[in-house]
Amino acid sequence: IAIGSLPLTFRRELRDFSDASSGWLKADTRKVKGLRKKLEAKPNEKVIGITWFTNASDPRSKRRNIPVDLFSKYLTQIPAKYVNLQYGETVEDLSKMRSKFALDVSQVDSIDLFNDLDGLAALISACDIVISIDNATVHLAGALGVDTRVLLPFAPDDRWGINQKDSYWYDSLTLYRQAIQGDWQKPFETLKKDVT
């Protein structure tokens, strides 16, 4: 049977997910400890990993992306040590976050965030929370059991269900949905209240 068809046999109802959705992957603990130390968070300071766009080829996937200005505006209201988990071309966005919003996002240059899944898993596990749009990082964070806050567009992919705030695929995910197409204000306000 093709791996993508397994849910037809093993996940026929929502209750079939209940015993299988906690984190089942584990990152290298030595790498996680080393990265946590390298990030130099202050005592009691949350370490939050972030992503804000996807490069998925499906044209509909672009509705998931959040403009860096809007993303930065809300992050400045959540006190934390921020870490870049975003794969792809981020130099310009990170520079804008720093210069326009005084938001310093740590970059771990020794990890290729697109090709080094072991390194990315360790970096995600070094975070207290991940705040992300719907992209590959969310699925890895969920598989690792890391507290992950997912910002979803008005009409997300069907894997996120219709109205629920949690994910039947991953216990550690909390979903924040647009109530109006293109309007990220309500999901961000709810997330900010939950995280601070």
# chains A, B, ... in the order shown; residues from 1 in each chain; ligands from 1
>>> select_by_dssp(residues="range 48-106 of chain A", states="helix (DSSP H, G or I)", output="list of chain:residue names")
A:Pro59, A:Arg60, A:Ser61, A:Lys62, A:Arg63, A:Arg64, A:Val68, A:Asp69, A:Leu70, A:Phe71, A:Ser72, A:Lys73, A:Tyr74, A:Leu75, A:Val91, A:Glu92, A:Asp93, A:Leu94, A:Ser95, A:Lys96, A:Met97, A:Arg98, A:Ser99, A:Lys100, A:Phe101
>>> select_by_dssp(residues="range 63-187 of chain A", states="strand (DSSP E or B)", output="list in words")
Lys81, Tyr82, Val83, Asn84, Val105, Ser106, Ile129, Val130, Ile131, Ser132, Ile133, Thr148, Arg149, Val150, Leu151, Leu152, Asp166, Leu173, Thr174, Leu175, Tyr176 and Arg177 of chain A
>>> write_last_selection(atoms="C-alpha atoms", output="tab-separated table (two decimals), in the first residue's frame")
chain	number	residue	atom	x	y	z
A	81	LYS	CA	14.43	35.51	22.34
A	82	TYR	CA	13.59	34.90	18.67
A	83	VAL	CA	15.26	32.28	16.46
A	84	ASN	CA	15.00	31.99	12.69
A	105	VAL	CA	16.19	37.31	15.35
A	106	SER	CA	19.06	34.92	15.99
A	129	ILE	CA	7.62	27.65	21.38
A	130	VAL	CA	7.42	27.75	17.58
A	131	ILE	CA	5.24	30.38	15.86
A	132	SER	CA	4.73	29.56	12.21
A	133	ILE	CA	2.50	29.57	9.19
A	148	THR	CA	3.77	25.10	18.17
A	149	ARG	CA	1.37	27.93	17.30
A	150	VAL	CA	0.14	27.73	13.70
A	151	LEU	CA	-1.32	30.74	11.90
A	152	LEU	CA	-3.82	29.55	9.29
A	166	ASP	CA	-6.11	21.85	18.00
A	173	LEU	CA	-0.08	22.29	17.95
A	174	THR	CA	-2.51	25.15	18.60
A	175	LEU	CA	-4.28	26.59	15.54
A	176	TYR	CA	-5.08	30.28	15.00
A	177	ARG	CA	-7.44	30.81	12.08
>>> residues_around(residues="range 61-63 of chain A", least_positions_apart="5", cutoff="12 Å", atoms="only C-alpha atoms", output="PyMOL selection string")
chain A and resi 52-56+133-135+151-157+178+181-184
>>> residues_around(residues="range 85-93 of chain A", least_positions_apart="6", cutoff="12 Å", atoms="only C-alpha atoms", output="number ranges by chain")
A: 47-56, 65-72, 99-101, 103-109, 111-117, 119-127, 129-138, 140-141
>>> residues_around(residues="Phe17 in chain A", least_positions_apart="3", cutoff="10 Å", atoms="only C-alpha atoms", output="number ranges by chain")
A: 7, 10-14, 20-22, 167-171
>>> atom_distance(atom1="CA of Gly145 in chain A", atom2="CA of Ala27 in chain A")
10.5 Å
>>> closest_residue(among="A:Ala143, A:Ala102, A:Ala41, A:Met97", to="Ala80 in chain A", atoms="only C-alpha atoms")
A:Ala41
>>> closest_residue(among="A:Pro79, A:Arg60, A:Lys192, A:Leu144", to="Asp28 in chain A", atoms="only C-alpha atoms")
A:Leu144
>>> atom_distance(atom1="CA of Arg159 in chain A", atom2="CA of Gly142 in chain A")
13.3 Å
